[in-house]
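Only one structure is covered here, and it is reproduced in the block below.
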Amino acid sequence: MTYRAPITQSDLQAYCDGQLSPARRREVEQYLLDHPEAAEQVDDYQNLNDAIHELYDPVLDEPVPAQLAIHPRRQKRRLVSVAAAAAWIGLGAMFGWYMHSTTVSMTQPGPLNLHLVQPAAFAHSIYTAEVKHPVEVPANEQEHLLKWLSKRLHTEITAPDLSAQGYYLVGGRLLPSTDRMAAQLMYERNDGIRVTLYIRHGAWENTLTAFQYDQRGKIALFYWIDGPLGYALAAQLSRNELLKLSETIYHQLN
């Protein structure tokens, strides 16, 4: 199906809240039929909404405490307003934490695991252990490296600048990745910690750009889809450290 605009996280949330126009709602419903992972995510959102309403809706029907009932009508309106505000604050806090956990912690099986996460983790473990040949083309030939990778992947490849985060580009290489080619860029910190950015083209059929988190032994990964490109950042770092690097890379690439 051709959509008037890509289906995004905002559309999915608006769908759960009943805030879409009839035409857009039909598009989202068709999208959910074609994308089981997104449909499961929407089910989770709706279950969360139901749980929050079950928890907070009774507050609106509670009687006004006697010590507050000096002016019954005025106090009742005030109490209802306070209760509603408390409910919405609770809703925001719970939904915010839920969104944080689902967008950075949900391991996605299937094509993303097979074509992006698994090969990115394997390539990281192989080449970051290399002392003499960690990369195919060193950083002092960065212009040649990026032109070469862009040509082989049939898309423009750029190297994010992570110097402000304490990492410098070591270089990169071209890699086979299941049914097509992939690029790996390697960065290193002064203490020897290495980070790799794995990039490959794919028929992802996915417009969701939320970060996903995965852990393969000691290797942590954040990965995401941006149009036809899939990205996976891998390192032996804490989740928070790796998330900050992922956000920096994402903003630079966009």
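Order determines the names: the first chain of the structure tokens is A, the second B, and so forth; residues in each chain are numbered 1 upward, and ligands are numbered 1 upward as they are shown.
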### Query
If you count only C-alpha atoms, which residues fall within 8 Å of Ala182 of chain A, apart from same-chain ones fewer than 5 positions away, as a list in words?
Leu153, Leu174, Leu175, Pro176, Ser177, Tyr198, Ile199, Arg200 and His201 of chain A
Could you pull the residues within 12 Å of Asn254 of chain A, counting only C-alpha atoms, minus those fewer than 6 positions along the same chain, as a JSON list (two decimals) with N, CA and C atoms, in the first residue's frame?
```
[["chain", "number", "residue", "atom", "x", "y", "z"],
["A", 158, "THR", "N", 28.82, 8.52, 5.27],
["A", 158, "THR", "CA", 29.61, 9.54, 5.95],
["A", 158, "THR", "C", 30.09, 8.97, 7.28],
["A", 160, "PRO", "N", 30.57, 9.82, 11.08],
["A", 160, "PRO", "CA", 30.27, 10.78, 12.14],
["A", 160, "PRO", "C", 31.53, 11.18, 12.91],
["A", 209, "THR", "N", 12.11, 4.78, 13.55],
["A", 209, "THR", "CA", 13.52, 5.11, 13.75],
["A", 209, "THR", "C", 13.93, 4.98, 15.21],
["A", 226, "ASP", "N", 16.85, 3.91, 9.29],
["A", 226, "ASP", "CA", 16.60, 5.25, 8.78],
["A", 226, "ASP", "C", 16.43, 5.14, 7.27],
["A", 227, "GLY", "N", 15.16, 5.07, 6.83],
["A", 227, "GLY", "CA", 14.90, 4.84, 5.41],
["A", 227, "GLY", "C", 15.39, 3.46, 5.00],
["A", 247, "GLU", "N", 22.88, 8.51, 19.93],
["A", 247, "GLU", "CA", 22.13, 9.75, 19.70],
["A", 247, "GLU", "C", 22.97, 10.77, 18.95],
["A", 248, "THR", "N", 24.26, 10.86, 19.32],
["A", 248, "THR", "CA", 25.17, 11.79, 18.62],
["A", 248, "THR", "C", 25.27, 11.42, 17.15]]
```
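Among the candidate residues A:Gln212, A:Pro138, A:Ser238, A:Ala123, the one lying nearest to Gln184 of chain A is A:Ala123, with distances computed using only C-alpha atoms.
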### Query
Could you pull out the helix (DSSP H, G or I) residues of segment 129-193 of chain A from DSSP and send them as a ChimeraX atom specification?
/A:139-153,163-165
### Message
When you look at Ser246 of chain A with a cut-off of 9 Å (counting only C-alpha atoms), what residues show up, excluding the ones that are within fewer than 6 positions of it in the same chain? I need them as a PyMOL selection string.
### Response
chain A and resi 211+222-223+232-233
Secondary structure check, strand (DSSP E or B) residues of segment 101-212 of chain A, as an mmCIF file with N, CA and C atoms, in the first residue's frame:
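Saved file selection06.cif follows:
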```cif
data_model
loop_
_atom_site.group_PDB
_atom_site.id
_atom_site.type_symbol
_atom_site.label_atom_id
_atom_site.label_comp_id
_atom_site.auth_asym_id
_atom_site.auth_seq_id
_atom_site.Cartn_x
_atom_site.Cartn_y
_atom_site.Cartn_z
ATOM 1 N N VAL A 137 40.929 0.204 5.351
ATOM 2 C CA VAL A 137 41.417 1.503 4.899
ATOM 3 C C VAL A 137 41.518 2.407 6.128
ATOM 4 N N PRO A 138 42.709 2.951 6.426
ATOM 5 C CA PRO A 138 42.886 3.751 7.639
ATOM 6 C C PRO A 138 42.266 5.139 7.522
ATOM 7 N N TYR A 167 36.436 9.894 21.013
ATOM 8 C CA TYR A 167 36.750 8.808 20.089
ATOM 9 C C TYR A 167 37.264 9.375 18.771
ATOM 10 N N TYR A 168 38.279 8.734 18.215
ATOM 11 C CA TYR A 168 38.778 9.141 16.907
ATOM 12 C C TYR A 168 38.594 7.991 15.909
ATOM 13 N N LEU A 169 38.440 8.358 14.654
ATOM 14 C CA LEU A 169 38.216 7.361 13.610
ATOM 15 C C LEU A 169 39.500 6.574 13.345
ATOM 16 N N VAL A 170 39.416 5.258 13.401
ATOM 17 C CA VAL A 170 40.547 4.387 13.073
ATOM 18 C C VAL A 170 40.558 4.099 11.574
ATOM 19 N N GLY A 171 39.355 3.909 11.017
ATOM 20 C CA GLY A 171 39.222 3.602 9.593
ATOM 21 C C GLY A 171 37.980 2.762 9.377
ATOM 22 N N GLY A 172 37.973 1.998 8.299
ATOM 23 C CA GLY A 172 36.798 1.186 8.017
ATOM 24 C C GLY A 172 37.083 0.089 7.028
ATOM 25 N N ARG A 173 36.042 -0.670 6.713
ATOM 26 C CA ARG A 173 36.179 -1.782 5.770
ATOM 27 C C ARG A 173 34.829 -2.116 5.154
ATOM 28 N N LEU A 174 34.902 -2.843 4.041
ATOM 29 C CA LEU A 174 33.725 -3.376 3.368
ATOM 30 C C LEU A 174 33.532 -4.813 3.830
ATOM 31 N N LEU A 175 32.283 -5.198 4.092
ATOM 32 C CA LEU A 175 32.001 -6.531 4.608
ATOM 33 C C LEU A 175 30.844 -7.174 3.846
ATOM 34 N N PRO A 176 30.874 -8.502 3.687
ATOM 35 C CA PRO A 176 29.681 -9.193 3.186
ATOM 36 C C PRO A 176 28.671 -9.288 4.315
ATOM 37 N N SER A 177 27.384 -9.174 3.987
ATOM 38 C CA SER A 177 26.354 -9.244 5.025
ATOM 39 C C SER A 177 25.138 -9.971 4.469
ATOM 40 N N ARG A 180 23.796 -8.971 0.910
ATOM 41 C CA ARG A 180 24.367 -7.773 0.282
ATOM 42 C C ARG A 180 25.591 -7.305 1.056
ATOM 43 N N MET A 181 26.139 -6.137 0.687
ATOM 44 C CA MET A 181 27.351 -5.640 1.304
ATOM 45 C C MET A 181 27.025 -4.721 2.484
ATOM 46 N N ALA A 182 28.008 -4.579 3.378
ATOM 47 C CA ALA A 182 27.864 -3.685 4.524
ATOM 48 C C ALA A 182 29.177 -2.952 4.739
ATOM 49 N N ALA A 183 29.113 -1.845 5.461
ATOM 50 C CA ALA A 183 30.297 -1.064 5.803
ATOM 51 C C ALA A 183 30.472 -1.089 7.316
ATOM 52 N N GLN A 184 31.728 -1.090 7.739
ATOM 53 C CA GLN A 184 32.027 -0.984 9.161
ATOM 54 C C GLN A 184 33.017 0.156 9.377
ATOM 55 N N LEU A 185 32.648 1.112 10.217
ATOM 56 C CA LEU A 185 33.545 2.190 10.619
ATOM 57 C C LEU A 185 33.957 1.934 12.061
ATOM 58 N N MET A 186 35.264 2.088 12.335
ATOM 59 C CA MET A 186 35.760 1.808 13.676
ATOM 60 C C MET A 186 36.324 3.074 14.311
ATOM 61 N N TYR A 187 35.977 3.264 15.590
ATOM 62 C CA TYR A 187 36.474 4.385 16.378
ATOM 63 C C TYR A 187 37.188 3.834 17.612
ATOM 64 N N GLU A 188 38.117 4.621 18.134
ATOM 65 C CA GLU A 188 38.862 4.171 19.308
ATOM 66 C C GLU A 188 39.047 5.319 20.293
ATOM 67 N N ARG A 189 39.024 4.975 21.568
ATOM 68 C CA ARG A 189 39.246 5.935 22.640
ATOM 69 C C ARG A 189 40.685 5.806 23.127
ATOM 70 N N ARG A 194 37.143 0.325 21.740
ATOM 71 C CA ARG A 194 36.779 0.495 20.341
ATOM 72 C C ARG A 194 35.266 0.380 20.144
ATOM 73 N N VAL A 195 34.767 1.220 19.264
ATOM 74 C CA VAL A 195 33.349 1.250 18.916
ATOM 75 C C VAL A 195 33.245 1.074 17.413
ATOM 76 N N THR A 196 32.296 0.271 16.958
ATOM 77 C CA THR A 196 32.113 0.090 15.518
ATOM 78 C C THR A 196 30.698 0.472 15.111
ATOM 79 N N LEU A 197 30.607 1.136 13.973
ATOM 80 C CA LEU A 197 29.310 1.489 13.379
ATOM 81 C C LEU A 197 29.142 0.637 12.122
ATOM 82 N N TYR A 198 28.126 -0.193 12.138
ATOM 83 C CA TYR A 198 27.835 -1.119 11.037
ATOM 84 C C TYR A 198 26.679 -0.542 10.231
ATOM 85 N N ILE A 199 26.859 -0.459 8.910
ATOM 86 C CA ILE A 199 25.863 0.172 8.043
ATOM 87 C C ILE A 199 25.568 -0.748 6.869
ATOM 88 N N ARG A 200 24.305 -0.945 6.594
ATOM 89 C CA ARG A 200 23.970 -1.732 5.415
ATOM 90 C C ARG A 200 22.599 -1.338 4.873
ATOM 91 N N HIS A 201 22.454 -1.552 3.578
ATOM 92 C CA HIS A 201 21.192 -1.323 2.883
ATOM 93 C C HIS A 201 20.288 -2.511 3.149
ATOM 94 N N GLN A 212 16.805 0.512 19.185
ATOM 95 C CA GLN A 212 16.581 -0.796 19.791
ATOM 96 C C GLN A 212 17.886 -1.226 20.450
#
```
### Task
Kindly give the distance, in Å, that separates atom CA of His124 of chain A and atom CA of Glu141 of chain A, rounded to a single decimal.
21.1 Å
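The space separating atom CA of Pro6 of chain A from atom CA of Pro228 of chain A comes to 12.7 Å.
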